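Here's model-v3.cif, which has mmCIF, C-alpha atoms:
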```cif
data_run
#
loop_
_atom_site.label_atom_id
_atom_site.label_comp_id
_atom_site.auth_asym_id
_atom_site.auth_seq_id
_atom_site.Cartn_x
_atom_site.Cartn_y
_atom_site.Cartn_z
CA ALA W 1 65.56 -7.84 -36.84
CA GLN W 2 62.38 -7.47 -34.87
CA SER W 3 59.16 -9.37 -35.26
CA VAL W 4 55.81 -9.80 -33.60
CA THR W 5 53.56 -12.84 -33.57
CA GLN W 6 49.93 -12.54 -32.62
CA LEU W 7 48.39 -15.89 -31.80
CA GLY W 8 44.88 -16.16 -33.13
CA SER W 9 43.70 -14.07 -36.04
CA HIS W 10 40.17 -14.10 -34.64
CA VAL W 11 39.02 -14.19 -31.03
CA SER W 12 35.36 -14.35 -30.06
CA VAL W 13 34.12 -13.67 -26.52
CA SER W 14 30.79 -13.05 -24.84
CA GLU W 15 29.93 -9.66 -23.42
CA GLY W 16 31.24 -9.51 -19.85
CA ALA W 17 33.84 -12.22 -20.40
CA LEU W 18 37.60 -11.88 -20.09
CA VAL W 19 39.44 -10.68 -23.16
CA LEU W 20 42.91 -12.13 -23.76
CA LEU W 21 44.82 -11.28 -26.93
CA ARG W 22 48.25 -12.84 -27.25
CA CYS W 23 51.43 -11.24 -28.52
CA ASN W 24 54.98 -12.58 -28.59
CA TYR W 25 57.89 -10.54 -29.81
CA SER W 26 61.42 -11.05 -30.98
CA SER W 27 63.97 -8.29 -30.60
CA SER W 28 67.74 -8.13 -30.36
CA VAL W 29 67.55 -4.93 -28.32
CA PRO W 30 65.35 -3.99 -25.37
CA PRO W 31 62.00 -3.51 -27.03
CA TYR W 32 59.37 -0.87 -26.82
CA LEU W 33 55.99 -2.56 -27.22
CA PHE W 34 52.63 -1.17 -28.21
CA TRP W 35 49.04 -2.25 -28.64
CA TYR W 36 46.93 -0.40 -31.18
CA VAL W 37 43.22 -0.77 -31.92
CA GLN W 38 41.59 -0.23 -35.31
CA TYR W 39 37.85 0.24 -35.57
CA PRO W 40 36.22 -0.34 -38.96
CA ASN W 41 37.15 2.27 -41.54
CA GLN W 42 39.33 4.16 -39.09
CA GLY W 43 43.01 4.67 -38.38
CA LEU W 44 44.96 3.10 -35.55
CA GLN W 45 44.62 4.33 -32.00
CA LEU W 46 47.16 3.63 -29.28
CA LEU W 47 45.77 1.54 -26.42
CA LEU W 48 48.94 1.29 -24.34
CA LYS W 49 52.71 1.08 -24.52
CA TYR W 50 55.54 -0.58 -22.62
CA THR W 51 58.57 1.61 -22.08
CA SER W 52 60.44 -0.38 -19.39
CA ALA W 53 59.09 1.75 -16.56
CA ALA W 54 56.70 -0.93 -15.27
CA THR W 55 55.94 -4.44 -16.47
CA LEU W 56 52.18 -4.08 -15.98
CA VAL W 57 50.87 -1.36 -18.23
CA LYS W 58 47.41 0.14 -18.02
CA GLY W 59 45.84 1.66 -21.09
CA ILE W 60 42.63 3.22 -22.22
CA ASN W 61 39.17 1.64 -22.15
CA GLY W 62 40.09 -0.73 -19.29
CA PHE W 63 42.78 -2.63 -21.17
CA GLU W 64 46.10 -3.63 -19.68
CA ALA W 65 49.12 -5.66 -20.75
CA GLU W 66 51.96 -7.37 -18.92
CA PHE W 67 55.50 -7.47 -20.24
CA LYS W 68 57.16 -10.82 -19.51
CA LYS W 69 60.76 -10.86 -20.68
CA SER W 70 61.29 -14.54 -19.89
CA GLU W 71 58.37 -15.45 -22.13
CA THR W 72 58.96 -12.63 -24.68
CA SER W 73 55.29 -11.87 -24.37
CA PHE W 74 53.10 -8.79 -24.10
CA HIS W 75 49.54 -10.12 -23.88
CA LEU W 76 46.58 -7.73 -23.80
CA THR W 77 43.75 -8.30 -21.35
CA LYS W 78 40.48 -6.75 -20.25
CA PRO W 79 38.46 -8.24 -17.37
CA SER W 80 35.04 -7.69 -18.90
CA ALA W 81 34.36 -7.31 -22.62
CA HIS W 82 31.97 -4.70 -23.91
CA MET W 83 30.26 -4.66 -27.29
CA SER W 84 32.19 -1.51 -28.16
CA ASP W 85 35.48 -3.45 -27.86
CA ALA W 86 34.79 -5.23 -31.14
CA ALA W 87 37.65 -4.17 -33.40
CA GLU W 88 41.00 -5.33 -34.75
CA TYR W 89 43.94 -5.21 -32.38
CA PHE W 90 47.57 -4.92 -33.40
CA CYS W 91 50.66 -5.56 -31.33
CA ALA W 92 53.79 -3.69 -32.45
CA VAL W 93 57.45 -3.43 -31.50
CA SER W 94 59.91 -0.58 -31.90
CA GLY W 95 63.62 -1.00 -31.51
CA GLY W 96 64.61 2.19 -29.82
CA GLY W 97 67.90 3.96 -30.50
CA SER W 98 67.48 5.61 -33.89
CA ASN W 99 65.08 2.93 -35.11
CA TYR W 100 61.61 4.16 -34.34
CA LYS W 101 59.65 2.36 -37.02
CA LEU W 102 56.90 0.06 -35.83
CA THR W 103 56.87 -3.61 -36.79
CA PHE W 104 53.31 -4.90 -36.50
CA GLY W 105 51.81 -8.30 -35.94
CA LYS W 106 49.14 -9.50 -38.33
CA GLY W 107 46.35 -8.42 -36.05
CA THR W 108 43.61 -10.12 -34.06
CA LEU W 109 39.97 -9.46 -34.83
CA LEU W 110 37.94 -9.38 -31.64
CA THR W 111 34.25 -10.22 -31.85
CA VAL W 112 32.02 -9.62 -28.83
CA ASN W 113 28.79 -11.60 -28.70
CA PRO W 114 25.75 -10.37 -26.76
CA ASP I 1 40.91 12.74 -33.75
CA SER I 2 44.68 12.11 -33.80
CA GLY I 3 45.56 15.47 -35.33
CA VAL I 4 47.08 13.79 -38.39
CA THR I 5 45.25 14.49 -41.63
CA GLN I 6 45.42 12.56 -44.86
CA THR I 7 43.97 13.37 -48.25
CA PRO I 8 42.24 12.05 -50.18
CA LYS I 9 40.22 9.50 -48.18
CA HIS I 10 39.57 7.36 -51.22
CA LEU I 11 41.32 7.11 -54.54
CA ILE I 12 40.30 4.97 -57.50
CA THR I 13 42.61 4.78 -60.46
CA ALA I 14 43.74 2.50 -63.25
CA THR I 15 46.81 0.36 -63.68
CA GLY I 16 49.83 2.22 -64.95
CA GLN I 17 48.75 5.53 -63.45
CA ARG I 18 50.49 7.71 -60.88
CA VAL I 19 48.94 9.11 -57.69
CA THR I 20 50.02 11.32 -54.82
CA LEU I 21 48.88 10.85 -51.25
CA ARG I 22 49.21 13.73 -48.83
CA CYS I 23 49.77 13.80 -45.08
CA SER I 24 49.86 16.65 -42.59
CA PRO I 25 51.41 15.68 -39.24
CA ARG I 26 50.31 16.86 -35.83
CA SER I 27 51.45 20.33 -34.93
CA GLY I 28 55.00 20.11 -33.58
CA ASP I 29 55.74 16.60 -34.83
CA LEU I 30 58.89 16.44 -36.95
CA SER I 31 58.72 12.81 -37.95
CA VAL I 32 56.39 11.28 -40.54
CA TYR I 33 56.01 7.58 -41.24
CA TRP I 34 54.18 5.88 -44.10
CA TYR I 35 52.64 2.42 -43.71
CA GLN I 36 50.76 0.19 -46.13
CA GLN I 37 47.95 -2.09 -44.93
CA SER I 38 46.82 -4.88 -47.22
CA LEU I 39 45.01 -8.16 -46.64
CA ASP I 40 47.94 -10.33 -47.64
CA GLN I 41 50.87 -8.32 -46.22
CA GLY I 42 49.24 -6.77 -43.17
CA LEU I 43 50.64 -3.47 -41.87
CA GLN I 44 54.06 -2.75 -43.30
CA PHE I 45 56.40 0.16 -42.77
CA LEU I 46 57.33 1.92 -45.98
CA ILE I 47 59.45 4.97 -45.19
CA GLN I 48 60.18 7.60 -42.54
CA TYR I 49 61.09 11.25 -42.84
CA TYR I 50 62.41 13.42 -40.07
CA ASN I 51 62.46 17.19 -40.48
CA GLY I 52 62.71 16.95 -44.25
CA GLU I 53 65.34 14.18 -44.40
CA GLU I 54 64.78 10.52 -45.18
CA ARG I 55 65.49 8.59 -41.96
CA ALA I 56 64.60 4.97 -42.64
CA LYS I 57 63.32 2.79 -45.43
CA GLY I 58 61.26 -0.35 -45.18
CA ASN I 59 59.58 -2.50 -47.79
CA ILE I 60 59.04 0.33 -50.23
CA LEU I 61 58.98 -0.44 -53.94
CA GLU I 62 61.18 1.51 -56.34
CA ARG I 63 57.99 2.73 -58.03
CA PHE I 64 57.11 4.49 -54.78
CA SER I 65 58.76 7.61 -53.44
CA ALA I 66 58.11 10.13 -50.72
CA GLN I 67 59.22 13.51 -49.54
CA GLN I 68 58.70 15.85 -46.62
CA PHE I 69 58.40 19.54 -47.27
CA PRO I 70 59.65 22.52 -45.21
CA ASP I 71 56.19 22.92 -43.65
CA LEU I 72 56.57 19.24 -42.57
CA HIS I 73 53.72 17.86 -44.62
CA SER I 74 54.61 14.75 -46.57
CA GLU I 75 53.60 13.22 -49.87
CA LEU I 76 53.79 9.61 -50.98
CA ASN I 77 54.02 9.17 -54.73
CA LEU I 78 52.99 5.86 -56.26
CA SER I 79 53.69 5.32 -59.96
CA SER I 80 53.15 2.63 -62.60
CA LEU I 81 50.39 1.34 -60.40
CA GLU I 82 49.54 -2.35 -60.34
CA LEU I 83 46.47 -4.17 -59.05
CA GLY I 84 48.50 -5.36 -56.09
CA ASP I 85 49.09 -1.79 -54.93
CA SER I 86 45.46 -1.57 -53.84
CA ALA I 87 45.66 -1.04 -50.08
CA LEU I 88 45.09 1.34 -47.23
CA TYR I 89 47.98 3.77 -46.84
CA PHE I 90 48.52 5.29 -43.42
CA CYS I 91 50.60 8.20 -42.38
CA ALA I 92 51.73 8.55 -38.77
CA SER I 93 53.62 11.29 -37.00
CA SER I 94 55.61 11.55 -33.81
CA VAL I 95 57.60 14.22 -32.03
CA GLU I 96 60.58 11.83 -31.91
CA LEU I 97 62.75 12.97 -29.07
CA ALA I 98 66.32 11.77 -29.57
CA GLY I 99 66.99 8.48 -27.79
CA TRP I 100 63.34 7.88 -26.90
CA GLY I 101 62.30 4.71 -28.69
CA ASP I 102 58.90 4.78 -27.12
CA ASN I 103 57.87 7.76 -29.20
CA GLU I 104 54.17 7.33 -29.68
CA GLN I 105 53.08 7.45 -33.28
CA PHE I 106 49.75 9.09 -34.07
CA PHE I 107 48.01 7.67 -37.10
CA GLY I 108 45.90 9.44 -39.67
CA PRO I 109 42.63 7.97 -40.97
CA GLY I 110 44.32 6.56 -44.07
CA THR I 111 43.87 6.77 -47.82
CA ARG I 112 42.18 3.80 -49.43
CA LEU I 113 43.69 3.22 -52.87
CA THR I 114 41.88 1.04 -55.37
CA VAL I 115 43.67 0.18 -58.60
CA LEU I 116 41.39 -1.18 -61.32
#
```

How does this structure look as structure tokens?
Amino acid sequence: AQSVTQLGSHVSVSEGALVLLRCNYSSSVPPYLFWYVQYPNQGLQLLLKYTSAATLVKGINGFEAEFKKSETSFHLTKPSAHMSDAAEYFCAVSGGGSNYKLTFGKGTLLTVNP
Amino acid sequence: DSGVTQTPKHLITATGQRVTLRCSPRSGDLSVYWYQQSLDQGLQFLIQYYNGEERAKGNILERFSAQQFPDLHSELNLSSLELGDSALYFCASSVELAGWGDNEQFFGPGTRLTVL
């Protein structure tokens, strides 16, 4: 079975500060990992995905994430927060093979203060 | 715009009723997934269809059912509705190439169901 744990249901940063959203996964098979963002009253949009090609993954809007197998982590970072980054962020894992369903973490709400 | 459409956007109904949620996947995508998002359960996978066939089931109640039609659109049927079924229901689609677990799923805007 696969699972995802997102540490911190709410993270608050100042505009221009580093954003760090934490995600740890559990998977019995090599995982495919994703970060999605959800703006208020909208669907989920893919930020980036890890597919085993490179451990450091760059996504949209200046976000990136690093896959660390030894720590079973896939933390999301952005060097400088912008007001428009305020949203809920979800980490998800997919098992590969014939199992493509996404298992999501509980989400982290990011607040950006002026 | 992800290319996935869902109707209706909002649905308000009473306990005991039955509703149907509709999803049209992106052009060319064969796979449709349904997810439920609620405050207490978070985002949970319900069911997946691939080219008209049920592929995988998650935490889907027996009162819920789904199908995918020949034109690849999908419907999620929820019956004997209870207050606890109030949630946001998302449909996602992917092209799903065989053996590629990193198939990106594109999400629709969701249907917000309120059961009174």

**Interatomic distance, CA of Glu62 in chain I to CA of Gln38 in chain W (Å, one decimal)** =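 A separation of 28.8 Å between them.
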
**Request:** For chain W, report every residue with an atom at most 8 Å from chain I (counting all atoms listed in the file), formatted as a PyMOL selection string.
**Result:** chain W and resi 32-33+41-46+49-51+94-107

**Message:** Set the distance at 10 Å and use only C-alpha atoms: which residues neighbour Ala65 in chain W once local chain neighbours fewer than 4 positions away are removed? I'd like the list as a VMD selection string.
**Reply:** chain W and resid 20 to 23 33 to 35 47 to 50 55 to 59 73 to 78

Output the selection as an mmCIF file, in the coordinates of the input - C-alpha atoms for each residue.
```cif
data_model
loop_
_atom_site.group_PDB
_atom_site.id
_atom_site.type_symbol
_atom_site.label_atom_id
_atom_site.label_comp_id
_atom_site.auth_asym_id
_atom_site.auth_seq_id
_atom_site.Cartn_x
_atom_site.Cartn_y
_atom_site.Cartn_z
ATOM 1 C CA LEU W 20 42.910 -12.130 -23.760
ATOM 2 C CA LEU W 21 44.820 -11.280 -26.930
ATOM 3 C CA ARG W 22 48.250 -12.840 -27.250
ATOM 4 C CA CYS W 23 51.430 -11.240 -28.520
ATOM 5 C CA LEU W 33 55.990 -2.560 -27.220
ATOM 6 C CA PHE W 34 52.630 -1.170 -28.210
ATOM 7 C CA TRP W 35 49.040 -2.250 -28.640
ATOM 8 C CA LEU W 47 45.770 1.540 -26.420
ATOM 9 C CA LEU W 48 48.940 1.290 -24.340
ATOM 10 C CA LYS W 49 52.710 1.080 -24.520
ATOM 11 C CA TYR W 50 55.540 -0.580 -22.620
ATOM 12 C CA THR W 55 55.940 -4.440 -16.470
ATOM 13 C CA LEU W 56 52.180 -4.080 -15.980
ATOM 14 C CA VAL W 57 50.870 -1.360 -18.230
ATOM 15 C CA LYS W 58 47.410 0.140 -18.020
ATOM 16 C CA GLY W 59 45.840 1.660 -21.090
ATOM 17 C CA SER W 73 55.290 -11.870 -24.370
ATOM 18 C CA PHE W 74 53.100 -8.790 -24.100
ATOM 19 C CA HIS W 75 49.540 -10.120 -23.880
ATOM 20 C CA LEU W 76 46.580 -7.730 -23.800
ATOM 21 C CA THR W 77 43.750 -8.300 -21.350
ATOM 22 C CA LYS W 78 40.480 -6.750 -20.250
#
```

**Message:** Could you tell me how far CA of His10 in chain W sits from CA of Thr108 in chain W, in Å to one decimal place?
**Reply:**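 According to the coordinates, CA of Thr108 in chain W and CA of His10 in chain W are separated by 5.3 Å.
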
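Interatomic distance, CA of Ser27 in chain W against CA of Leu110 in chain W: 26.1 Å.
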
**Request:** Report as a ChimeraX atom specification the residues that result from applying the PyMOL selection byres ((chain I and resi 21) around 9) to the structure here.
**Result:** /I:6-8,19-20,22-23,74-78,89,111

**Request:** For each of W:Ser52, W:Tyr25, W:Val4, W:Leu109, take the minimum atom-to-atom distance to Glu71 in chain W, counting only C-alpha atoms, then give the residue where this is smallest.
**Result:**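 Of W:Ser52, W:Tyr25, W:Val4, W:Leu109, the one nearest Glu71 in chain W is W:Tyr25, counting only C-alpha atoms.
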
**Message:** Using only C-alpha atoms, can you tell me which of W:Ala53, W:Val13, W:Ala1, W:Val29 comes closest to Pro114 in chain W?
**Reply:** W:Val13

Please list as a PDB file with C-alpha atoms, in the coordinates of the input every residue within 7 Å of Leu18 in chain W, counting only C-alpha atoms and excluding residues in the same chain fewer than 3 positions away.
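In the end it all went to out-v3.pdb:
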```pdb
ATOM      1  CA  LYS W  78      40.480  -6.750 -20.250  1.00  0.00           C
ATOM      2  CA  PRO W  79      38.460  -8.240 -17.370  1.00  0.00           C
ATOM      3  CA  SER W  80      35.040  -7.690 -18.900  1.00  0.00           C
ATOM      4  CA  ALA W  81      34.360  -7.310 -22.620  1.00  0.00           C
TER       5      ALA W  81
END
```

**Target residues per the PyMOL selection byres ((chain I and resi 69) around 12), formatted as a PyMOL selection string** = chain I and resi 22-25+30-32+49-54+66-68+70-76

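Across W:Ser70, W:Asn61, W:Ser84, W:Gln6, the tightest approach to Pro40 in chain W is made by W:Ser84 when counting only C-alpha atoms.
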
**Request:** Give me the result of the PyMOL selection byres ((chain I and resi 85) around 9) on this file, residue by residue, as a list in words.
**Result:** Ser38, Leu78, Leu81, Glu82, Leu83, Gly84, Ser86, Ala87, Leu113, Thr114 and Val115 of chain I

Can you spit out the residues from that selection as a compact mmCIF listing (two decimals), in the frame of the given file, using C-alpha atoms?
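Generated output (selection-v1.txt):
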```
# COMPACT_ATOMS: atom_id res chain seq x y z
CA SER I 38 46.82 -4.88 -47.22
CA LEU I 78 52.99 5.86 -56.26
CA LEU I 81 50.39 1.34 -60.40
CA GLU I 82 49.54 -2.35 -60.34
CA LEU I 83 46.47 -4.17 -59.05
CA GLY I 84 48.50 -5.36 -56.09
CA SER I 86 45.46 -1.57 -53.84
CA ALA I 87 45.66 -1.04 -50.08
CA LEU I 113 43.69 3.22 -52.87
CA THR I 114 41.88 1.04 -55.37
CA VAL I 115 43.67 0.18 -58.60
```

Would you mind exporting range 38-86 of chain I with C-alpha atoms, as a JSON list (two decimals), in the first residue's frame?
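Generated output (decode08.json):
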```
[["chain", "number", "residue", "atom", "x", "y", "z"],
["I", 38, "SER", "CA", -14.04, 16.35, 1.77],
["I", 39, "LEU", "CA", -12.84, 18.17, 4.86],
["I", 40, "ASP", "CA", -12.56, 15.06, 7.00],
["I", 41, "GLN", "CA", -11.32, 12.52, 4.42],
["I", 42, "GLY", "CA", -9.24, 14.74, 2.17],
["I", 43, "LEU", "CA", -8.78, 13.71, -1.47],
["I", 44, "GLN", "CA", -9.71, 10.08, -1.99],
["I", 45, "PHE", "CA", -9.68, 7.95, -5.11],
["I", 46, "LEU", "CA", -13.05, 6.44, -5.91],
["I", 47, "ILE", "CA", -12.85, 4.58, -9.21],
["I", 48, "GLN", "CA", -11.05, 4.45, -12.56],
["I", 49, "TYR", "CA", -12.29, 3.57, -16.02],
["I", 50, "TYR", "CA", -10.12, 2.87, -19.02],
["I", 51, "ASN", "CA", -11.65, 2.82, -22.48],
["I", 52, "GLY", "CA", -15.05, 1.81, -21.15],
["I", 53, "GLU", "CA", -13.86, -0.84, -18.69],
["I", 54, "GLU", "CA", -13.56, -0.52, -14.93],
["I", 55, "ARG", "CA", -9.84, -0.61, -14.11],
["I", 56, "ALA", "CA", -9.52, 0.04, -10.39],
["I", 57, "LYS", "CA", -11.70, 0.70, -7.38],
["I", 58, "GLY", "CA", -10.88, 2.70, -4.31],
["I", 59, "ASN", "CA", -12.96, 3.79, -1.35],
["I", 60, "ILE", "CA", -16.21, 3.88, -3.27],
["I", 61, "LEU", "CA", -19.45, 3.19, -1.43],
["I", 62, "GLU", "CA", -21.88, 0.59, -2.75],
["I", 63, "ARG", "CA", -24.42, 3.41, -3.16],
["I", 64, "PHE", "CA", -22.09, 4.95, -5.73],
["I", 65, "SER", "CA", -21.49, 3.66, -9.22],
["I", 66, "ALA", "CA", -19.85, 4.89, -12.38],
["I", 67, "GLN", "CA", -19.58, 4.11, -16.04],
["I", 68, "GLN", "CA", -17.66, 5.25, -19.08],
["I", 69, "PHE", "CA", -19.46, 5.49, -22.38],
["I", 70, "PRO", "CA", -18.22, 4.74, -25.93],
["I", 71, "ASP", "CA", -17.52, 8.44, -26.50],
["I", 72, "LEU", "CA", -15.31, 8.21, -23.34],
["I", 73, "HIS", "CA", -17.32, 10.57, -21.19],
["I", 74, "SER", "CA", -18.03, 9.25, -17.72],
["I", 75, "GLU", "CA", -20.83, 9.54, -15.21],
["I", 76, "LEU", "CA", -20.72, 9.06, -11.47],
["I", 77, "ASN", "CA", -24.05, 8.09, -9.94],
["I", 78, "LEU", "CA", -24.65, 8.72, -6.26],
["I", 79, "SER", "CA", -27.81, 7.29, -4.71],
["I", 80, "SER", "CA", -29.55, 7.24, -1.32],
["I", 81, "LEU", "CA", -27.61, 10.35, -0.53],
["I", 82, "GLU", "CA", -26.58, 11.12, 3.03],
["I", 83, "LEU", "CA", -25.38, 14.34, 4.64],
["I", 84, "GLY", "CA", -21.87, 12.92, 4.73],
["I", 85, "ASP", "CA", -21.78, 12.65, 0.93],
["I", 86, "SER", "CA", -21.49, 16.42, 0.69]]
```
